[in-house]
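Shown here: target-v6.txt, compact mmCIF, C-alpha atoms.
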# COMPACT_ATOMS: atom_id res chain seq x y z
CA MET A 199 0.00 0.00 0.00
CA ASN A 200 1.49 3.37 -1.00
CA ARG A 201 1.70 6.33 1.36
CA SER A 202 -1.34 8.21 0.03
CA ARG A 203 -3.58 5.15 0.27
CA PHE A 204 -2.30 4.39 3.75
CA LEU A 205 -3.08 7.95 4.91
CA ALA A 206 -6.54 7.81 3.34
CA ALA A 207 -7.27 4.50 5.09
CA ALA A 208 -5.97 5.86 8.40
CA LEU A 209 -8.14 8.97 8.16
CA ALA A 210 -11.19 6.85 7.32
CA LEU A 211 -10.51 4.67 10.37
CA VAL A 212 -10.20 7.75 12.60
CA GLY A 213 -13.56 8.95 11.31
CA LEU A 214 -15.24 5.61 12.02
CA LEU A 215 -13.77 5.41 15.51
CA GLY A 216 -14.84 8.98 16.23
CA ALA A 217 -18.41 8.29 15.11
CA ALA A 218 -18.58 5.15 17.26
CA GLU A 219 -17.16 7.08 20.21
CA VAL A 220 -19.73 9.87 20.04
CA ARG A 221 -22.60 7.38 19.63
CA SER A 222 -21.37 5.57 22.74
CA ALA A 223 -21.10 8.82 24.70
CA SER A 224 -24.56 9.91 23.59
CA SER A 225 -26.07 6.53 24.47
CA ASP A 226 -24.47 6.50 27.93
CA GLN A 227 -25.65 10.04 28.64
CA GLN A 228 -29.22 9.25 27.60
CA SER A 229 -29.22 6.03 29.63
CA ARG A 230 -28.06 7.84 32.79
CA LEU A 231 -30.69 10.53 32.32
CA LYS A 232 -33.54 8.09 31.66
CA SER A 233 -32.69 6.01 34.74
CA PHE A 234 -32.63 9.18 36.84
CA GLN A 235 -35.98 10.34 35.42
CA ASP A 236 -37.61 6.93 35.99
CA LYS A 237 -36.43 6.90 39.59
CA ALA A 238 -37.72 10.46 40.13
CA GLN A 239 -41.14 9.54 38.79
CA LYS A 240 -41.45 6.57 41.15
CA GLU A 241 -40.43 8.71 44.14
CA ARG A 242 -42.93 11.45 43.22
CA GLN A 243 -45.70 8.88 43.08
CA ALA A 244 -44.62 7.41 46.42
CA GLN A 245 -44.35 10.77 48.22
CA LYS A 246 -47.55 12.25 46.71
CA LEU A 247 -46.36 15.85 47.05
CA ASP A 248 -48.20 18.71 45.38
CA ARG A 249 -46.16 20.99 43.09
CA LYS A 250 -45.45 23.61 45.77
CA ALA A 251 -44.32 21.04 48.32
CA LEU A 252 -42.33 19.13 45.68
CA PHE A 253 -40.20 22.14 44.70
CA ALA A 254 -39.87 23.29 48.29
CA LYS A 255 -38.34 19.94 49.24
CA TYR A 256 -36.37 19.49 45.99
CA PRO A 257 -35.59 23.04 44.77
CA THR A 258 -33.85 24.22 41.62
CA PRO A 259 -30.03 24.01 41.88
CA GLU A 260 -28.02 27.23 42.01
CA ILE A 261 -24.70 27.17 40.11
CA ALA A 262 -22.42 30.01 41.19
CA LEU A 263 -19.16 29.17 39.42
CA VAL A 264 -17.70 26.40 37.25
CA THR A 265 -14.01 25.72 36.62
CA ALA A 266 -12.49 23.18 34.25
CA GLY A 267 -9.16 21.58 35.16
CA GLY A 268 -6.85 19.11 33.47
CA GLY A 269 -8.22 19.60 29.99
CA GLY A 270 -5.22 21.05 28.17
CA SER A 271 -3.63 19.89 24.94
CA PRO A 272 -2.92 16.14 24.75
CA ASP A 273 0.71 17.07 24.06
CA GLU A 274 1.01 19.16 27.24
CA PRO A 275 0.83 18.26 30.95
CA PRO A 276 -2.62 18.86 32.51
CA LYS A 277 -3.25 22.35 33.84
CA SER A 278 -5.76 23.39 36.45
CA LYS A 279 -5.48 27.15 35.99
CA GLY A 280 -4.73 29.68 33.31
CA LYS A 281 -5.00 28.42 29.75
CA GLY A 282 -5.77 24.87 30.79
CA GLY A 283 -8.82 25.70 32.87
CA GLY A 284 -9.95 28.79 34.72
CA ALA A 285 -13.35 30.15 35.57
CA ALA A 286 -16.01 28.94 33.23
CA GLY A 287 -19.13 30.86 32.45
CA GLY A 288 -19.80 32.90 29.39
CA SER A 289 -22.74 32.81 27.07
CA ALA A 290 -23.12 29.82 24.82
CA PRO A 291 -25.60 29.70 21.96
CA GLY A 292 -28.86 29.38 23.82
CA GLY A 293 -28.12 32.03 26.39
CA SER A 294 -26.37 30.65 29.46
CA PRO A 295 -25.19 33.38 31.84
CA GLY A 296 -21.67 33.99 33.10
CA GLY A 297 -18.18 35.18 32.14
CA ALA A 298 -15.46 33.69 29.88
CA ALA A 299 -15.34 29.88 29.64
CA GLY A 300 -12.21 27.76 30.15
CA PHE A 301 -11.25 25.15 27.59
CA VAL A 302 -10.85 21.39 27.22
CA ALA A 303 -8.95 19.90 24.29
CA VAL A 304 -10.77 17.37 22.14
CA GLY A 305 -9.67 13.82 22.94
CA THR A 306 -8.85 14.56 26.61
CA GLU A 307 -10.49 14.37 30.02
CA ALA A 308 -11.17 17.14 32.52
CA THR A 309 -12.68 17.69 35.95
CA LEU A 310 -15.45 20.28 36.24
CA SER A 311 -15.73 21.84 39.69
CA ALA A 312 -18.91 23.77 40.44
CA THR A 313 -19.87 25.73 43.53
CA GLY A 314 -23.39 26.67 44.53
CA ARG A 315 -26.39 25.09 46.24
CA PHE A 316 -27.23 21.49 45.33
CA LEU A 317 -29.06 18.49 46.69
CA PRO A 318 -27.10 15.30 47.35
CA GLY A 319 -28.31 12.71 44.87
CA SER A 320 -28.51 15.24 42.03
CA LEU A 321 -27.46 14.27 38.51
CA SER A 322 -24.97 16.09 36.29
CA THR A 323 -25.00 16.11 32.50
CA VAL A 324 -22.93 17.96 29.91
CA GLU A 325 -24.93 19.31 27.00
CA CYS A 326 -22.49 18.71 24.17
CA GLN A 327 -22.19 16.11 21.45
CA GLY A 328 -19.42 13.62 22.08
CA VAL A 329 -18.90 14.52 25.76
CA GLU A 330 -19.33 11.78 28.35
CA VAL A 331 -19.70 12.09 32.13
CA ILE A 332 -17.31 9.54 33.64
CA SER A 333 -18.00 10.18 37.32
CA GLU A 334 -19.62 12.73 39.61
CA LYS A 335 -19.65 13.72 43.26
CA ILE A 336 -22.27 16.24 44.35
CA THR A 337 -22.60 17.69 47.86
CA GLU A 338 -24.69 20.56 49.20
CA SER A 339 -22.17 23.19 48.08
CA ASN A 340 -19.91 21.51 45.51
CA ALA A 341 -20.11 19.35 42.43
CA GLU A 342 -17.14 17.58 40.88
CA VAL A 343 -17.78 16.04 37.48
CA ARG A 344 -15.18 14.13 35.49
CA VAL A 345 -15.80 14.30 31.74
CA LYS A 346 -14.31 12.77 28.62
CA VAL A 347 -14.33 14.85 25.44
CA THR A 348 -14.29 12.31 22.62
CA THR A 349 -12.62 12.89 19.27
CA ALA A 350 -16.03 13.46 17.68
CA ALA A 351 -16.97 16.39 19.94
CA PRO A 352 -17.35 19.55 17.84
CA ALA A 353 -15.57 22.77 18.78
CA GLY A 354 -17.50 25.25 20.88
CA PRO A 355 -19.03 25.86 24.32
CA CYS A 356 -20.49 23.11 26.52
CA ASP A 357 -22.99 23.54 29.35
CA LEU A 358 -22.92 21.73 32.68
CA ARG A 359 -26.46 20.94 33.86
CA ILE A 360 -27.28 19.93 37.43
CA ILE A 361 -30.66 18.22 37.96
CA SER A 362 -32.27 17.89 41.39
CA PRO A 363 -33.70 14.50 42.37
CA VAL A 364 -37.46 13.82 42.36
CA SER A 365 -38.55 17.28 41.11
CA LEU A 366 -36.09 17.18 38.17
CA ALA A 367 -35.64 20.95 38.56
CA SER A 368 -32.41 21.93 36.82
CA ALA A 369 -29.93 24.73 36.19
CA ARG A 370 -27.14 25.04 33.64
CA ARG A 371 -24.06 27.11 33.08
CA VAL A 372 -21.34 27.19 30.45
CA ALA A 373 -18.54 24.98 31.79
CA PHE A 374 -15.88 24.99 29.06
CA ARG A 375 -15.12 25.32 25.37
CA VAL A 376 -14.00 22.35 23.31
CA ILE A 377 -10.86 23.23 21.37
CA GLY A 378 -8.85 21.33 18.79
CA ASN A 379 -8.02 20.87 15.12
CA TYR A 380 -10.62 19.57 12.67
CA ASN A 381 -10.71 18.28 9.10
CA TRP A 382 -13.86 18.84 7.05
CA GLU A 383 -14.64 16.92 3.84
CA LEU A 384 -17.58 18.56 2.05
CA SER A 385 -19.55 17.73 -1.11
CA LEU A 386 -21.77 20.34 -2.75
CA ALA A 387 -24.87 19.65 -4.83
CA ASN A 388 -23.31 21.54 -7.78
CA GLY A 389 -20.54 18.93 -7.99
CA TRP A 390 -17.90 20.93 -6.14
CA LYS A 391 -15.91 19.56 -3.23
CA ALA A 392 -14.18 21.39 -0.40
CA ARG A 393 -11.63 20.44 2.23
CA MET A 394 -11.32 22.62 5.30
CA LYS A 395 -8.84 22.56 8.14
CA THR A 396 -9.98 24.59 11.13
CA ALA A 397 -8.56 25.22 14.59
CA ALA A 398 -10.32 26.25 17.80
CA LYS A 399 -7.64 27.68 20.10
CA PRO A 400 -7.60 28.39 23.85
CA ASP A 401 -6.71 32.08 23.59
CA THR A 402 -9.66 33.12 21.41
CA ASP A 403 -13.32 32.31 20.84
CA LEU A 404 -12.72 32.55 17.09
CA ILE A 405 -12.37 29.43 14.95
CA SER A 406 -10.29 29.90 11.82
CA GLY A 407 -8.57 27.86 9.14
CA THR A 408 -8.10 27.26 5.44
CA SER A 409 -10.25 25.80 2.67
CA ASP A 410 -9.35 24.12 -0.63
CA TRP A 411 -11.96 24.03 -3.41
CA PHE A 412 -12.33 21.65 -6.36
CA ASP A 413 -14.67 21.60 -9.38
CA LYS A 414 -16.72 18.63 -10.67
CA GLY A 415 -13.70 17.11 -12.37
CA GLY A 416 -11.45 17.45 -9.32
CA LYS A 417 -9.54 20.46 -10.69
CA SER A 418 -8.38 22.87 -8.01
CA LEU A 419 -10.27 26.16 -7.91
CA GLY A 420 -7.94 27.64 -5.31
CA SER A 421 -7.56 28.07 -1.55
CA ARG A 422 -9.03 30.63 0.81
CA GLU A 423 -8.93 31.32 4.53
CA VAL A 424 -12.13 30.76 6.48
CA LYS A 425 -13.63 32.20 9.66
CA VAL A 426 -16.02 29.97 11.60
CA GLU A 427 -18.63 31.15 14.09
CA ARG A 428 -20.58 28.82 16.38
CA THR A 429 -24.32 29.44 16.08
CA PHE A 430 -27.29 28.09 18.01
CA ASP A 431 -27.77 25.18 15.61
CA GLY A 432 -24.33 24.73 14.04
CA TYR A 433 -21.59 26.73 12.35
CA GLN A 434 -21.49 29.77 10.09
CA VAL A 435 -18.43 29.61 7.81
CA THR A 436 -17.35 32.76 6.00
CA VAL A 437 -14.90 32.31 3.13
CA GLN A 438 -12.45 35.20 3.13
CA ARG A 439 -12.21 37.09 -0.16
CA THR A 440 -9.07 38.52 -1.70
CA ALA A 441 -8.85 42.26 -2.30
CA GLU A 442 -9.52 41.67 -6.01
CA GLU A 443 -12.59 39.53 -5.30
CA GLN A 444 -13.96 42.07 -2.85
CA ALA A 445 -13.43 44.89 -5.36
CA ALA A 446 -15.29 42.89 -8.03
CA SER A 447 -18.14 42.25 -5.60
CA ASP A 448 -18.36 45.94 -4.68
CA GLN A 449 -18.41 46.90 -8.35
CA ALA A 450 -21.17 44.36 -9.00
CA MET A 451 -23.27 45.90 -6.24
CA ASN A 452 -22.72 49.35 -7.74
CA GLU A 453 -23.74 48.11 -11.19
CA SER A 454 -26.80 46.46 -9.68
CA GLY A 455 -27.82 49.74 -8.09
CA LYS A 456 -27.28 51.63 -11.35
CA ALA A 457 -29.73 49.39 -13.18
CA PHE A 458 -32.52 50.26 -10.76
CA LYS A 459 -31.57 53.94 -10.63
CA SER A 460 -31.08 54.31 -14.40
CA GLN A 461 -32.82 57.42 -15.71
CA ASP A 462 -33.92 55.55 -18.85
CA ASN A 463 -35.54 52.79 -16.80
CA GLN A 464 -37.23 55.25 -14.47
CA GLN A 465 -38.57 57.24 -17.41
CA ALA A 466 -39.86 54.05 -19.04
CA ALA A 467 -41.68 53.08 -15.84
CA ALA A 468 -43.16 56.57 -15.51
CA ALA A 469 -44.35 56.46 -19.14
CA ILE A 470 -46.15 53.15 -18.59
CA GLN A 471 -47.86 54.52 -15.48
CA ALA A 472 -48.90 57.68 -17.34
CA LYS A 473 -50.42 55.67 -20.22
CA MET A 474 -52.29 53.47 -17.78
CA GLN A 475 -53.69 56.53 -16.01
CA ALA A 476 -54.60 58.31 -19.23
CA GLU A 477 -56.24 55.38 -21.03
CA CYS A 478 -57.56 52.98 -18.44
CA MET A 479 -59.16 55.42 -16.03
CA LYS A 480 -61.42 56.79 -18.79
CA LEU A 481 -62.87 53.41 -19.72
CA PRO A 482 -66.09 51.91 -18.38
CA PRO A 483 -65.54 49.56 -15.42
CA ALA A 484 -66.16 46.49 -17.58
CA GLN A 485 -63.25 47.42 -19.91
CA MET A 486 -60.90 48.86 -17.33
CA GLY A 487 -59.57 45.48 -16.13
CA GLY A 488 -58.22 44.44 -19.52
CA CYS A 489 -56.53 47.80 -20.03
CA ILE A 490 -54.82 47.68 -16.64
CA GLN A 491 -53.71 44.10 -17.30
CA LYS A 492 -52.07 45.21 -20.56
CA TYR A 493 -49.92 47.87 -18.91
CA THR A 494 -49.20 45.66 -15.91
CA ALA A 495 -47.64 43.16 -18.32
CA GLU A 496 -45.49 45.94 -19.80
CA MET A 497 -44.35 46.99 -16.31
CA THR A 498 -43.52 43.37 -15.42
CA ALA A 499 -41.44 42.97 -18.58
CA LEU A 500 -39.54 46.18 -17.78
CA SER A 501 -38.92 44.99 -14.23
CA GLN A 502 -37.55 41.68 -15.49
CA ARG A 503 -35.17 43.46 -17.88
CA VAL A 504 -33.88 45.66 -15.06
CA GLN A 505 -33.48 42.61 -12.83
CA THR A 506 -31.48 40.82 -15.54
CA GLN A 507 -29.22 43.85 -15.94
CA SER A 508 -28.61 44.08 -12.20
CA GLN A 509 -27.83 40.37 -11.85
CA ALA A 510 -25.33 40.23 -14.71
CA GLY A 511 -22.57 41.95 -12.74
CA GLU A 512 -23.37 39.96 -9.61
CA LYS A 513 -23.12 36.65 -11.50
CA LYS A 514 -19.79 37.69 -12.98
CA ALA A 515 -18.37 38.62 -9.57
CA ILE A 516 -19.55 35.38 -7.94
CA ALA A 517 -18.26 33.23 -10.81
CA SER A 518 -14.79 34.78 -10.53
CA ALA A 519 -14.51 34.16 -6.76
CA VAL A 520 -13.03 31.00 -5.23
CA GLY A 521 -15.41 28.80 -3.25
CA CYS A 522 -18.73 29.69 -1.67
CA GLN A 523 -19.35 33.05 -0.11
CA ALA A 524 -20.58 31.34 3.07
CA LEU A 525 -21.59 27.96 4.50
CA GLN A 526 -24.23 27.20 7.12
CA LEU A 527 -23.39 23.78 8.58
CA ALA A 528 -24.86 21.47 11.20
CA VAL A 529 -22.89 18.60 12.75
CA ASN A 530 -24.39 15.41 14.16
CA GLU A 531 -22.16 12.49 15.17
CA GLY A 532 -19.45 13.63 12.77
CA LYS A 533 -21.82 13.99 9.82
CA VAL A 534 -22.25 17.41 8.23
CA THR A 535 -25.32 18.82 6.50
CA GLY A 536 -26.16 22.35 5.46
CA ARG A 537 -26.11 24.75 2.56
CA GLY A 538 -23.69 26.98 0.72
CA THR A 539 -24.40 30.50 -0.52
CA ASN A 540 -23.15 31.88 -3.86
CA CYS A 541 -21.02 28.85 -4.78
CA GLY A 542 -19.92 29.79 -8.30
CA ALA A 543 -23.41 31.15 -9.05
CA PRO A 544 -26.05 33.16 -7.18
CA GLY A 545 -28.26 31.15 -4.84
CA GLU A 546 -27.88 28.25 -2.43
CA VAL A 547 -26.76 24.63 -2.80
CA ASN A 548 -27.02 21.71 -0.39
CA VAL A 549 -23.87 20.57 1.38
CA THR A 550 -23.06 17.19 2.97
CA GLY A 551 -19.88 15.72 4.40
CA THR A 552 -17.93 14.71 7.48
CA VAL A 553 -15.79 16.37 10.14
CA THR A 554 -13.14 14.68 12.31
CA ALA A 555 -10.77 15.90 14.98
CA THR A 556 -7.02 15.62 14.41
CA LYS A 557 -3.92 16.22 16.49
Translate this file's structure into structure tokens.
Amino acid sequence: MNRSRFLAAALALVGLLGAAEVRSASSDQQSRLKSFQDKAQKERQAQKLDRKALFAKYPTPEIALVTAGGGGSPDEPPKSKGKGGGAAGGSAPGGSPGGAAGFVAVGTEATLSATGRFLPGSLSTVECQGVEVISEKITESNAEVRVKVTTAAPAGPCDLRIISPVSLASARRVAFRVIGNYNWELSLANGWKARMKTAAKPDTDLISGTSDWFDKGGKSLGSREVKVERTFDGYQVTVQRTAEEQAASDQAMNESGKAFKSQDNQQAAAAIQAKMQAECMKLPPAQMGGCIQKYTAEMTALSQRVQTQSQAGEKKAIASAVGCQALQLAVNEGKVTGRGTNCGAPGEVNVTGTVTATK
């Protein structure tokens, strides 16, 4: 087996292992939660408490502070403060309160330490794909939760949720950000393919990287830097334009505006309106509809010509740019779905693919 085939096989194996790992983590998390919920339901039935008494006895947890320790780079010794951990809070997509979150590298383990007011017997969960709770110890004022961030966990913030027994009242707070390097293999409905390499780093919330683009026949279209933003339901990828591409896009927008503002087009529209007013308004009601329809058709035709003129420059600018203008992507167990905007032509195309973590 030559080197390129060996590397391809190795990457495929990493992807399969990552997918299996995240499915296992997800299954374990769901199993823990279901067992806890089933037990709570039985205890509620046994105690026969009304809602007020139930929440008075088993109140909502209060999470004051969360720190993440021992989740640094796999190539570095574990750290409990500074870049390897630190106070975790911040605002993840979805609106959790707090300050700036610490980080945990993909493929490592970390201990989350939370202070606040809890009930012994509470359950902890981490609301992130590919993150597994290994162990937990919850007292009245502290919670220590050991977590494993599998290689299929996507980059971005993760919430720690504490759930009280019986009432199932819960509270959550951003605990850490998953960081690491990721490879994306994307296929577009227009036949294009893209390969992205992105990095989520500990010293910034920004995710950045590079992208390589290929046409239907596999010919390289070029490479561009990308900026990635975590959204509520996935990732927003912006493909960075060169100065020349940006200038062409700006010119296209100017040309588009000129078509609508053209004096000739405005005069033509005014002339159609004047004819409609002069001819149609004098006719009996029974004949007025046909007259108005005639000039409406003329106005529609003019509008379509103006639209065609305005789009010509835009199409030219998009066709000359490398890659899509932007990608909106969702990740589920290492599989990617979404859409691309202005990928060689105006409009949107469907996108599918995979993403895997790398060292």
What's the 7 Å shell around Gly532 (chain A), counting all atoms listed in the file, without same-chain residues fewer than 4 positions away, as a ChimeraX atom specification? /A:217,350,552-554
Could you write out that same residue set with C-alpha atoms as an mmCIF file, in the coordinates of the input?
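Writing the result to again.cif gives the following:
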data_model
loop_
_atom_site.group_PDB
_atom_site.id
_atom_site.type_symbol
_atom_site.label_atom_id
_atom_site.label_comp_id
_atom_site.auth_asym_id
_atom_site.auth_seq_id
_atom_site.Cartn_x
_atom_site.Cartn_y
_atom_site.Cartn_z
ATOM 1 C CA ALA A 217 -18.410 8.290 15.110
ATOM 2 C CA ALA A 350 -16.030 13.460 17.680
ATOM 3 C CA THR A 552 -17.930 14.710 7.480
ATOM 4 C CA VAL A 553 -15.790 16.370 10.140
ATOM 5 C CA THR A 554 -13.140 14.680 12.310
#
For Gly545 (chain A), which residue out of A:Pro363, A:Ile470, A:Asn381, A:Ile516 is the nearest one, using only C-alpha atoms?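 Smallest separation from Gly545 (chain A) among the options: A:Ile516.
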For region 484-494 of chain A, list every protein, DNA or RNA residue within 12 Å, evaluated using only C-alpha atoms, and leave out those in the same chain fewer than 4 positions away; present the list as a PyMOL selection string. chain A and resi 466-480+498-501
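Nearest-residue note for Gly378 (chain A): choosing from A:Ala351, A:Val504, A:Val304, A:Val324, the minimum distance belongs to A:Val304, counting all atoms listed in the file.
Pairwise distance (CA of Thr258 (chain A), CA of Ala308 (chain A)) equals 25.4 Å.
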Contact residues around Ile361 (chain A) with all atoms listed in the file at 7 Å, ignoring same-chain residues under 2 positions, as a PDB file with C-alpha atoms, in the coordinates of the input:
ATOM      1  CA  SER A 320     -28.510  15.240  42.030  1.00  0.00           C
ATOM      2  CA  LEU A 321     -27.460  14.270  38.510  1.00  0.00           C
ATOM      3  CA  SER A 322     -24.970  16.090  36.290  1.00  0.00           C
ATOM      4  CA  ARG A 359     -26.460  20.940  33.860  1.00  0.00           C
ATOM      5  CA  PRO A 363     -33.700  14.500  42.370  1.00  0.00           C
ATOM      6  CA  LEU A 366     -36.090  17.180  38.170  1.00  0.00           C
ATOM      7  CA  ALA A 367     -35.640  20.950  38.560  1.00  0.00           C
ATOM      8  CA  SER A 368     -32.410  21.930  36.820  1.00  0.00           C
ATOM      9  CA  ALA A 369     -29.930  24.730  36.190  1.00  0.00           C
TER      10      ALA A 369
END
From the list A:Ala373, A:Cys326, A:Ile261, A:Val549, which residue is nearest Glu338 (chain A) when using only C-alpha atoms?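 Using only C-alpha atoms, the shortest distance to Glu338 (chain A) belongs to A:Ile261.
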Taking (-24.2, 17.0, 31.5) in the coordinates of the supplied file, I want to know which residues reach to within 9 Å of it, counting all atoms listed in the file; could you give the answer as a tab-separated table (two decimals) with C-alpha atoms, in the coordinates of the input?
chain	number	residue	atom	x	y	z
A	227	GLN	CA	-25.65	10.04	28.64
A	321	LEU	CA	-27.46	14.27	38.51
A	322	SER	CA	-24.97	16.09	36.29
A	323	THR	CA	-25.00	16.11	32.50
A	324	VAL	CA	-22.93	17.96	29.91
A	325	GLU	CA	-24.93	19.31	27.00
A	326	CYS	CA	-22.49	18.71	24.17
A	329	VAL	CA	-18.90	14.52	25.76
A	330	GLU	CA	-19.33	11.78	28.35
A	331	VAL	CA	-19.70	12.09	32.13
A	343	VAL	CA	-17.78	16.04	37.48
A	345	VAL	CA	-15.80	14.30	31.74
A	356	CYS	CA	-20.49	23.11	26.52
A	357	ASP	CA	-22.99	23.54	29.35
A	358	LEU	CA	-22.92	21.73	32.68
A	359	ARG	CA	-26.46	20.94	33.86
A	360	ILE	CA	-27.28	19.93	37.43
A	370	ARG	CA	-27.14	25.04	33.64
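When all atoms listed in the file are used to compute distances to Arg375 (chain A), the closest of the residues A:Leu263, A:Leu310, A:Ala303, A:Ala392 turns out to be A:Ala303.
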Selected residue, from A:Asn530, A:Ser409, A:Asn548, A:Thr349, that lies nearest to Gly389 (chain A) when counting only C-alpha atoms: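 Counting only C-alpha atoms, the residue closest to Gly389 (chain A) is A:Asn548.
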Here CA of Val264 (chain A) and CA of Arg371 (chain A) stand apart by 7.6 Å
Pairwise distance, CA of Asp236 (chain A) with CA of Thr337 (chain A), equals 22.0 Å
Set the distance at 10 Å and use all atoms listed in the file: which residues neighbour Met394 (chain A) once local chain neighbours fewer than 2 positions away are removed? I'd like the list as a PDB file with C-alpha atoms, keeping the file's coordinate frame.
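Final output, saved to out.pdb:
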ATOM      1  CA  TYR A 380     -10.620  19.570  12.670  1.00  0.00           C
ATOM      2  CA  ASN A 381     -10.710  18.280   9.100  1.00  0.00           C
ATOM      3  CA  TRP A 382     -13.860  18.840   7.050  1.00  0.00           C
ATOM      4  CA  GLU A 383     -14.640  16.920   3.840  1.00  0.00           C
ATOM      5  CA  LEU A 384     -17.580  18.560   2.050  1.00  0.00           C
ATOM      6  CA  ALA A 392     -14.180  21.390  -0.400  1.00  0.00           C
ATOM      7  CA  THR A 396      -9.980  24.590  11.130  1.00  0.00           C
ATOM      8  CA  SER A 406     -10.290  29.900  11.820  1.00  0.00           C
ATOM      9  CA  GLY A 407      -8.570  27.860   9.140  1.00  0.00           C
ATOM     10  CA  THR A 408      -8.100  27.260   5.440  1.00  0.00           C
ATOM     11  CA  SER A 409     -10.250  25.800   2.670  1.00  0.00           C
ATOM     12  CA  ASP A 410      -9.350  24.120  -0.630  1.00  0.00           C
ATOM     13  CA  TRP A 411     -11.960  24.030  -3.410  1.00  0.00           C
ATOM     14  CA  SER A 421      -7.560  28.070  -1.550  1.00  0.00           C
ATOM     15  CA  ARG A 422      -9.030  30.630   0.810  1.00  0.00           C
ATOM     16  CA  GLU A 423      -8.930  31.320   4.530  1.00  0.00           C
ATOM     17  CA  VAL A 424     -12.130  30.760   6.480  1.00  0.00           C
ATOM     18  CA  VAL A 553     -15.790  16.370  10.140  1.00  0.00           C
TER      19      VAL A 553
END
Excluding Tyr433 (chain A) and any residue of its chain fewer than 3 positions from it, enumerate the residues within 6 Å of it, using all atoms listed in the file, and give them as a PyMOL selection string. chain A and resi 427-429+526-527
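Nearest residue to Leu404 (chain A), choosing from A:Arg439, A:Ala353, A:Asp448, A:Gln235 and counting all atoms listed in the file: A:Ala353.
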